[in-house]
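J.: After the structure tokens below, expect a handful of questions from me.
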Amino acid sequence: MQANEILQLANVIQSFPLKPNAEITLEGRINGFTDDKFEAALAGGINRFSFGVQSVNTEVRQAAGRFDDEKTLMQRLSELAKHPTATIVADLMFGLPGQTFDIWMHDVEAMISTGIHGIDLYQLINLPGSRIDSAEKKGTIYERADSQVRSSMYAQGSRLLEQNGWDRLSNCHWRSDKRERSLYNSLAKQGVEIVPFGAGTGGSIHGHGLMNGRDLTAWHNAIKAGVKVPSMVMSINESSHIDTIIKKGLDKGTLTLNELSLSLNTHLQPLFIKWQKNGLIEFDNNKLSLTLAGRFWNVNMLAGLFEYLATNPLLAQTV
């Protein structure tokens with residue numbers, strides 16, 4: 001997007017009845033994000049900027065499809081972080097091809113040194129058909145860390161952030177400054193309504209899941225023809241209230257058990273006990289808290305919990 005297009009989009013967003021402190025995030029890459037684009041975004045009311053850094057290591061970055069070298073990246077992030085009000089956030093990814101443990105620790109240390117306000121740590125999910133997946137099939141890419149090394153990467157990365165005074169907002173998000181609120185990331189786990197705009201977006205309204213089609217050609221053709229764009233609406237999830245409580249708790253790292261019904265709490269105890277034996281959780285004053293290992297495996301734990309309920313259903317009237 002060019003600067004004038006960013007401003008145009010921001011002005012459209014401002015036409016909605018937003019709260020004065022609404023969080024408006026522009027996501028993108030550092031490459032090509034010039035001062036005029038930054039100023040246009042700020043002029044349009046955008047107040048949070050999230051960049052998919054992935055790694056600062058030049059070789060690892062380029063293998064992952066990023067263009068800027070480490071020096072260019074670090075300099076630009078440091079410049080942006082000096083703005084008095086804008087929130088600057090960087091996504092780091094562990095488990096990238098060619099990314100050793102030492103490279104990963106340098107990634108985290110380097111991001112801390114830029115003065116940015118938020119850092120997100122994500123594990124690489126290699127989707128079918130992705131750039132990395134295609135390169136692996138051709139044998140033209142470096143090896144990736146196994147799950148044991150990735151768990152160590154997450155553990156040491158999170159420890160390093162917290163040892164440097166960063167607050168953990170969730171299993172994946174940390175901040176050095178209170179201007180970083182990460183509202184969308186937290187609210188999305190709490191069952192709030194999300195209205196999706198554009199191809200490939202998803203959301204939820206009145207309990208119905210929404211998903212817009214990803215095919216840009218079909219999307220643009222529908223708009224030109226004046227017909228409804230490709231999309232789908234999912235049926236209401238009758239257990240969405242319970243799902244939200246569990247998702248929110250595991251994402252934050254603490255599940256308050258009295259938020260669940262007594263019958264559901266009792267029903268889940270065999271699973272919770274297994275988690276505790278495997279060092280994934282600790283119990284404290286009616287709270288289930290994820291250990292560092294649990295925070296790393298939380299997505300698998302959540303999937304396992306819902307699978308447990310599917311194979312061991314609790315009668316609806318007792319939930």
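Letters for chains follow the order of the structure tokens (A, B, ...), residue numbers begin at 1 for each chain, and ligand numbers begin at 1 in the order shown.
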For range 114-122 of chain A, list every protein, DNA or RNA residue within 7 Å, evaluated using only C-alpha atoms, and leave out those in the same chain fewer than 2 positions away; present the list as a PyMOL selection string.
T.: chain A and resi 74+77-78+81+87-94+110-112+124+172-177+180
J.: Extract the full set of strand (DSSP E or B) residues from range 209-296 of chain A according to DSSP on the backbone, and format it as number ranges by chain.
T.: A: 209-212, 231-233, 254-256, 281-284, 287-290
J.: Please provide the set of residues having any atom within 9 Å of Arg29 in chain A, restricted to only C-alpha atoms, with same-chain residues fewer than 4 positions apart removed, written as a short mmCIF file (atom, residue, chain, number, x, y, z; two decimals) with N, CA and C atoms, in the first residue's frame.
T.:
data_model
loop_
_atom_site.label_atom_id
_atom_site.label_comp_id
_atom_site.auth_asym_id
_atom_site.auth_seq_id
_atom_site.Cartn_x
_atom_site.Cartn_y
_atom_site.Cartn_z
N PHE A 33 8.43 0.23 4.48
CA PHE A 33 7.58 1.05 5.35
C PHE A 33 8.30 2.37 5.61
N SER A 50 2.36 -3.37 13.94
CA SER A 50 2.88 -4.70 14.22
C SER A 50 3.61 -5.23 12.99
N PHE A 51 4.87 -5.60 13.18
CA PHE A 51 5.71 -6.02 12.07
C PHE A 51 6.12 -7.49 12.21
N GLY A 52 5.99 -8.23 11.11
CA GLY A 52 6.39 -9.64 11.10
C GLY A 52 7.88 -9.76 10.88
N VAL A 53 8.65 -9.57 11.93
CA VAL A 53 10.11 -9.60 11.84
C VAL A 53 10.61 -11.03 11.62
N ARG A 66 11.98 -12.65 3.91
CA ARG A 66 12.16 -11.25 4.29
C ARG A 66 13.35 -10.68 3.52
#
J.: Identify which of the residues A:Leu26, A:Met105, A:Gly191, A:Ala225 lies closest to Ser158 in chain A, counting only C-alpha atoms when measuring atom-to-atom distances.
T.: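 Ranked by minimum distance to Ser158 in chain A, first place goes to A:Met105.
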J.: Pull the helix (DSSP H, G or I) assignments for range 71-224 of chain A out of DSSP run on the backbone, and list those residues as a PyMOL selection string.
T.: chain A and resi 71-81+101-113+131-138+147-163+183-190+216-224
J.: A:Gly95, A:Gly203, A:Pro128, A:Pro20: which is nearest Arg144 in chain A, counting only C-alpha atoms?
T.: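 Closest residue, counting only C-alpha atoms: A:Gly95.
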J.: Could you give me, as a ChimeraX atom specification, the residues within 12 Å of Glu5 in chain A, counting only C-alpha atoms and dropping anything in the same chain fewer than 2 positions from it?
T.: /A:1-3,7-12,36-38,40-41,44
J.: Between A:Thr34, A:Ser182, A:Ser240, A:Ser204, which residue has the minimum interatomic distance to Leu80 in chain A, considering only C-alpha atoms?
T.: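 Checking each of A:Thr34, A:Ser182, A:Ser240, A:Ser204 against Leu80 in chain A, counting only C-alpha atoms, the winner is A:Thr34.
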J.: Extract, using only C-alpha atoms, all DNA, RNA and protein residues at most 12 Å from range 297-304 of chain A, discarding same-chain residues fewer than 2 positions from it, and format them as a PyMOL selection string.
T.: chain A and resi 122-123+125+147-148+150-152+154-155+170-172+243-255+268+271-272+274-276+278-281+289-295+306-312
J.: To one decimal place in Å, what is the distance between CA of Val108 in chain A and CA of Gly157 in chain A?
T.: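 A separation of 6.4 Å between them.
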J.: Which of these, A:Gly65, A:Asn47, A:Asn185, A:Gln54, has the shortest distance to Pro84 in chain A once you count only C-alpha atoms?
T.: A:Asn47
J.: Can you work out the spacing between CA of Ser235 in chain A and CA of His208 in chain A in Å, to one decimal?
T.: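 Separation of CA of Ser235 in chain A and CA of His208 in chain A: 5.6 Å.
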J.: Which is closer to Ala145 in chain A than all the others in A:Met211, A:Ala188, A:Ile30, A:Leu96, using only C-alpha atoms?
T.: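 Distance minimum relative to Ala145 in chain A lands on A:Leu96.
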